[in-house]
Amino acid sequence: MAKINGDDMDKSYQTASRLIQAQFIQSPELAKQFGQMEKLVPIVVNGQHDHIEQIFQALDFRYEPATLDTLSKINPTPERPIFINCGSSEPNRKTITLLNEHAHNGGVVITTDWCLHHIIEKAFPDYIRWTKTKTCDSNESFPVEFMLEDFKEKNHDLTPSWFVENSSYPLEILKGDEVKVLFRSLE
């Protein structure tokens with residue numbers, strides 16, 4: 001486990017965008033997939049701690065900004081992925097219903113762990129839940145395993161890690177046959 005200090009997130013977002021751009025060169029298929037997603041104009045819900053929009057901006061990638069309160073006014077179609085940044089406020093019932101319907105209609109909702117208890121657990125009860133614990137008192141990086149076989153095969157040379165802050169929310173999957181895990185910690 002490598003210790004990581006959490007300063008200078010802007011540099012991290014710039015680095016992430018450069019890594020993605022390098023992957024575009026190595027994998028034209030990945031570049032094509034990102035291009036298709038950009039055409040759909042993903043929705044990015046603002047947050048307090050994470051800012052995926054900074055990666056999109058560094059990539060000159062179009063997205064539609066939103067808040068949890070304005071999300072229902074956008075009326076997202078299932079083709080448009082919704083990214084919810086860490087530290088987003090607690091949503092109202094209408095937004096919870098919208099997120100649930102979005103996913104059940106084939107849409108994708110991507111969040112951080114801090115959205116788990118206040119957003120995801122409410123939108124998808126009985127699927128996943130916060131274990132009511134938090135991670136240890138240090139900021140650490142853990143090795144990650146790819147769960148999608150085709151992704152594993154195409155990216156066998158990558159050694160990804162998952163940055164776990166001292167207050168990350170571990171979760172439990174309740175309906176493993178219906179929840180698709182993309183990455184999982186080896187710890």
# chains A, B, ... in the order shown; residues from 1 in each chain; ligands from 1
>>> residues_around(residues="Ile173 (chain A)", least_positions_apart="3", cutoff="10 Å", atoms="only C-alpha atoms", output="list in words")
Asp126, Tyr127, Ile128, Arg129, Trp130, Thr131, Gly176, Asp177, Glu178, Val179, Lys180 and Val181 of chain A
>>> atom_distance(atom1="CA of Gln57 (chain A)", atom2="CA of His104 (chain A)")
29.2 Å
>>> atom_distance(atom1="CA of Arg80 (chain A)", atom2="CA of Pro42 (chain A)")
5.2 Å
>>> residues_around(residues="Ile84 (chain A)", least_positions_apart="2", cutoff="8 Å", atoms="only C-alpha atoms", output="PyMOL selection string")
chain A and resi 44-47+82+86+88+109-112+115
>>> residues_around(residues="Val108 (chain A)", least_positions_apart="6", cutoff="9 Å", atoms="only C-alpha atoms", output="PyMOL selection string")
chain A and resi 78-83+102
>>> write_last_selection(atoms="all heavy atoms", output="compact mmCIF listing (two decimals), in the first residue's frame")
# COMPACT_ATOMS: atom_id res chain seq x y z
N PRO A 78 -32.04 7.86 -21.24
CA PRO A 78 -31.18 6.75 -20.81
C PRO A 78 -29.82 6.71 -21.50
O PRO A 78 -28.87 6.16 -20.95
CB PRO A 78 -32.00 5.50 -21.16
CG PRO A 78 -33.40 5.96 -21.20
CD PRO A 78 -33.34 7.40 -21.68
N GLU A 79 -29.69 7.29 -22.67
CA GLU A 79 -28.43 7.27 -23.40
C GLU A 79 -27.38 8.16 -22.74
O GLU A 79 -26.18 7.97 -22.94
CB GLU A 79 -28.62 7.75 -24.85
CG GLU A 79 -29.53 6.89 -25.68
CD GLU A 79 -31.01 7.20 -25.45
OE1 GLU A 79 -31.36 8.34 -25.08
OE2 GLU A 79 -31.82 6.27 -25.62
N ARG A 80 -27.82 9.14 -21.97
CA ARG A 80 -26.90 10.11 -21.37
C ARG A 80 -26.45 9.65 -19.98
O ARG A 80 -27.26 9.55 -19.07
CB ARG A 80 -27.57 11.48 -21.25
CG ARG A 80 -27.90 12.08 -22.60
CD ARG A 80 -28.56 13.41 -22.45
NE ARG A 80 -27.59 14.41 -22.00
CZ ARG A 80 -27.95 15.61 -21.58
NH1 ARG A 80 -29.21 15.97 -21.52
NH2 ARG A 80 -27.02 16.46 -21.19
N PRO A 81 -25.14 9.40 -19.81
CA PRO A 81 -24.67 9.02 -18.48
C PRO A 81 -24.76 10.20 -17.52
O PRO A 81 -24.62 11.35 -17.91
CB PRO A 81 -23.21 8.61 -18.72
CG PRO A 81 -22.84 9.18 -20.03
CD PRO A 81 -24.09 9.43 -20.81
N ILE A 82 -25.00 9.87 -16.25
CA ILE A 82 -25.05 10.89 -15.20
C ILE A 82 -23.89 10.62 -14.25
O ILE A 82 -23.77 9.52 -13.69
CB ILE A 82 -26.38 10.83 -14.41
CG1 ILE A 82 -27.56 11.10 -15.34
CG2 ILE A 82 -26.36 11.83 -13.25
CD1 ILE A 82 -28.92 10.91 -14.66
N PHE A 83 -23.02 11.62 -14.08
CA PHE A 83 -21.91 11.55 -13.14
C PHE A 83 -22.27 12.42 -11.95
O PHE A 83 -22.62 13.59 -12.12
CB PHE A 83 -20.62 12.07 -13.78
CG PHE A 83 -20.10 11.21 -14.89
CD1 PHE A 83 -20.55 11.37 -16.19
CD2 PHE A 83 -19.13 10.25 -14.63
CE1 PHE A 83 -20.07 10.59 -17.22
CE2 PHE A 83 -18.64 9.46 -15.66
CZ PHE A 83 -19.11 9.62 -16.95
N HIS A 102 -33.91 6.25 -14.33
CA HIS A 102 -32.84 6.40 -15.33
C HIS A 102 -32.08 5.07 -15.48
O HIS A 102 -31.89 4.58 -16.59
CB HIS A 102 -31.90 7.53 -14.92
CG HIS A 102 -30.80 7.79 -15.89
ND1 HIS A 102 -31.01 8.41 -17.10
CD2 HIS A 102 -29.46 7.53 -15.84
CE1 HIS A 102 -29.86 8.51 -17.75
NE2 HIS A 102 -28.91 7.99 -17.00
>>> residues_around(residues="Pro91 (chain A)", least_positions_apart="6", cutoff="8 Å", atoms="only C-alpha atoms", output="list in words")
Leu68, Asp69, His118 and Ile119 of chain A
>>> atom_distance(atom1="CA of His117 (chain A)", atom2="CA of Phe61 (chain A)")
29.3 Å
>>> closest_residue(among="A:Asn100, A:Asn85, A:Thr95, A:Thr70", to="Asp50 (chain A)", atoms="only C-alpha atoms")
A:Asn85
>>> select_by_dssp(residues="region 50-147 of chain A", states="strand (DSSP E or B)", output="list in words")
Glu64, Pro65, Ala66, Ile82, Phe83, Ile84, Val109, Ile110, Thr111, Ile128, Arg129, Trp130, Glu140, Ser141, Phe142, Pro143, Val144, Glu145 and Phe146 of chain A
>>> write_last_selection(atoms="N, CA and C atoms", output="PDB file, in the first residue's frame")
ATOM      1  N   GLU A  64     -22.966  18.537 -19.658  1.00  0.00           N
ATOM      2  CA  GLU A  64     -23.974  19.481 -19.167  1.00  0.00           C
ATOM      3  C   GLU A  64     -23.892  19.529 -17.642  1.00  0.00           C
ATOM      4  N   PRO A  65     -23.570  20.697 -17.078  1.00  0.00           N
ATOM      5  CA  PRO A  65     -23.511  20.797 -15.616  1.00  0.00           C
ATOM      6  C   PRO A  65     -24.916  20.799 -15.012  1.00  0.00           C
ATOM      7  N   ALA A  66     -25.022  20.260 -13.798  1.00  0.00           N
ATOM      8  CA  ALA A  66     -26.308  20.209 -13.108  1.00  0.00           C
ATOM      9  C   ALA A  66     -26.067  20.185 -11.605  1.00  0.00           C
ATOM     10  N   ILE A  82     -25.004   9.871 -16.249  1.00  0.00           N
ATOM     11  CA  ILE A  82     -25.051  10.888 -15.197  1.00  0.00           C
ATOM     12  C   ILE A  82     -23.892  10.618 -14.247  1.00  0.00           C
ATOM     13  N   PHE A  83     -23.019  11.615 -14.076  1.00  0.00           N
ATOM     14  CA  PHE A  83     -21.911  11.546 -13.142  1.00  0.00           C
ATOM     15  C   PHE A  83     -22.268  12.422 -11.947  1.00  0.00           C
ATOM     16  N   ILE A  84     -22.181  11.866 -10.737  1.00  0.00           N
ATOM     17  CA  ILE A  84     -22.488  12.636  -9.536  1.00  0.00           C
ATOM     18  C   ILE A  84     -21.211  12.731  -8.702  1.00  0.00           C
ATOM     19  N   VAL A 109     -25.538   5.588 -14.050  1.00  0.00           N
ATOM     20  CA  VAL A 109     -25.313   6.569 -12.981  1.00  0.00           C
ATOM     21  C   VAL A 109     -23.967   6.223 -12.363  1.00  0.00           C
ATOM     22  N   ILE A 110     -23.026   7.156 -12.415  1.00  0.00           N
ATOM     23  CA  ILE A 110     -21.676   6.942 -11.892  1.00  0.00           C
ATOM     24  C   ILE A 110     -21.453   7.917 -10.742  1.00  0.00           C
ATOM     25  N   THR A 111     -21.095   7.375  -9.563  1.00  0.00           N
ATOM     26  CA  THR A 111     -20.905   8.220  -8.387  1.00  0.00           C
ATOM     27  C   THR A 111     -19.623   7.835  -7.665  1.00  0.00           C
ATOM     28  N   ILE A 128     -27.440  -2.301  -3.087  1.00  0.00           N
ATOM     29  CA  ILE A 128     -26.163  -2.106  -2.409  1.00  0.00           C
ATOM     30  C   ILE A 128     -26.420  -1.263  -1.166  1.00  0.00           C
ATOM     31  N   ARG A 129     -25.519  -1.376  -0.197  1.00  0.00           N
ATOM     32  CA  ARG A 129     -25.675  -0.525   0.979  1.00  0.00           C
ATOM     33  C   ARG A 129     -24.318  -0.270   1.619  1.00  0.00           C
ATOM     34  N   TRP A 130     -24.270   0.850   2.290  1.00  0.00           N
ATOM     35  CA  TRP A 130     -23.103   1.235   3.063  1.00  0.00           C
ATOM     36  C   TRP A 130     -23.042   0.316   4.276  1.00  0.00           C
ATOM     37  N   GLU A 140      -4.696   5.969   1.528  1.00  0.00           N
ATOM     38  CA  GLU A 140      -3.885   4.915   0.954  1.00  0.00           C
ATOM     39  C   GLU A 140      -4.390   4.531  -0.430  1.00  0.00           C
ATOM     40  N   SER A 141      -3.531   3.851  -1.142  1.00  0.00           N
ATOM     41  CA  SER A 141      -3.866   3.340  -2.460  1.00  0.00           C
ATOM     42  C   SER A 141      -3.819   1.816  -2.401  1.00  0.00           C
ATOM     43  N   PHE A 142      -4.859   1.171  -2.919  1.00  0.00           N
ATOM     44  CA  PHE A 142      -4.948  -0.282  -2.897  1.00  0.00           C
ATOM     45  C   PHE A 142      -4.977  -0.802  -4.328  1.00  0.00           C
ATOM     46  N   PRO A 143      -4.387  -1.991  -4.565  1.00  0.00           N
ATOM     47  CA  PRO A 143      -4.479  -2.572  -5.901  1.00  0.00           C
ATOM     48  C   PRO A 143      -5.930  -2.898  -6.255  1.00  0.00           C
ATOM     49  N   VAL A 144      -6.228  -2.819  -7.535  1.00  0.00           N
ATOM     50  CA  VAL A 144      -7.591  -3.030  -8.023  1.00  0.00           C
ATOM     51  C   VAL A 144      -7.592  -4.140  -9.060  1.00  0.00           C
ATOM     52  N   GLU A 145      -8.654  -4.907  -9.077  1.00  0.00           N
ATOM     53  CA  GLU A 145      -8.832  -5.961 -10.066  1.00  0.00           C
ATOM     54  C   GLU A 145      -9.948  -5.567 -11.032  1.00  0.00           C
ATOM     55  N   PHE A 146      -9.673  -5.694 -12.345  1.00  0.00           N
ATOM     56  CA  PHE A 146     -10.711  -5.469 -13.344  1.00  0.00           C
ATOM     57  C   PHE A 146     -11.676  -6.637 -13.295  1.00  0.00           C
TER      58      PHE A 146
END
>>> closest_residue(among="A:Lys11, A:Phe124, A:Ile25, A:Lys32", to="Gln54 (chain A)", atoms="only C-alpha atoms")
A:Lys11
>>> closest_residue(among="A:Ala16, A:Ala22, A:Leu174, A:Ala103", to="Pro125 (chain A)", atoms="only C-alpha atoms")
A:Leu174
>>> select_by_dssp(residues="region 1-128 of chain A", states="helix (DSSP H, G or I)", output="JSON, numbers by chain")
{"A": [9, 10, 11, 12, 13, 14, 15, 16, 17, 18, 19, 20, 21, 22, 23, 24, 25, 26, 28, 29, 30, 31, 32, 33, 34, 35, 36, 37, 38, 39, 52, 53, 54, 55, 56, 57, 58, 71, 72, 73, 74, 93, 94, 95, 96, 97, 98, 99, 100, 101, 102, 103, 104, 115, 116, 117, 118, 119, 120, 121, 122, 123]}
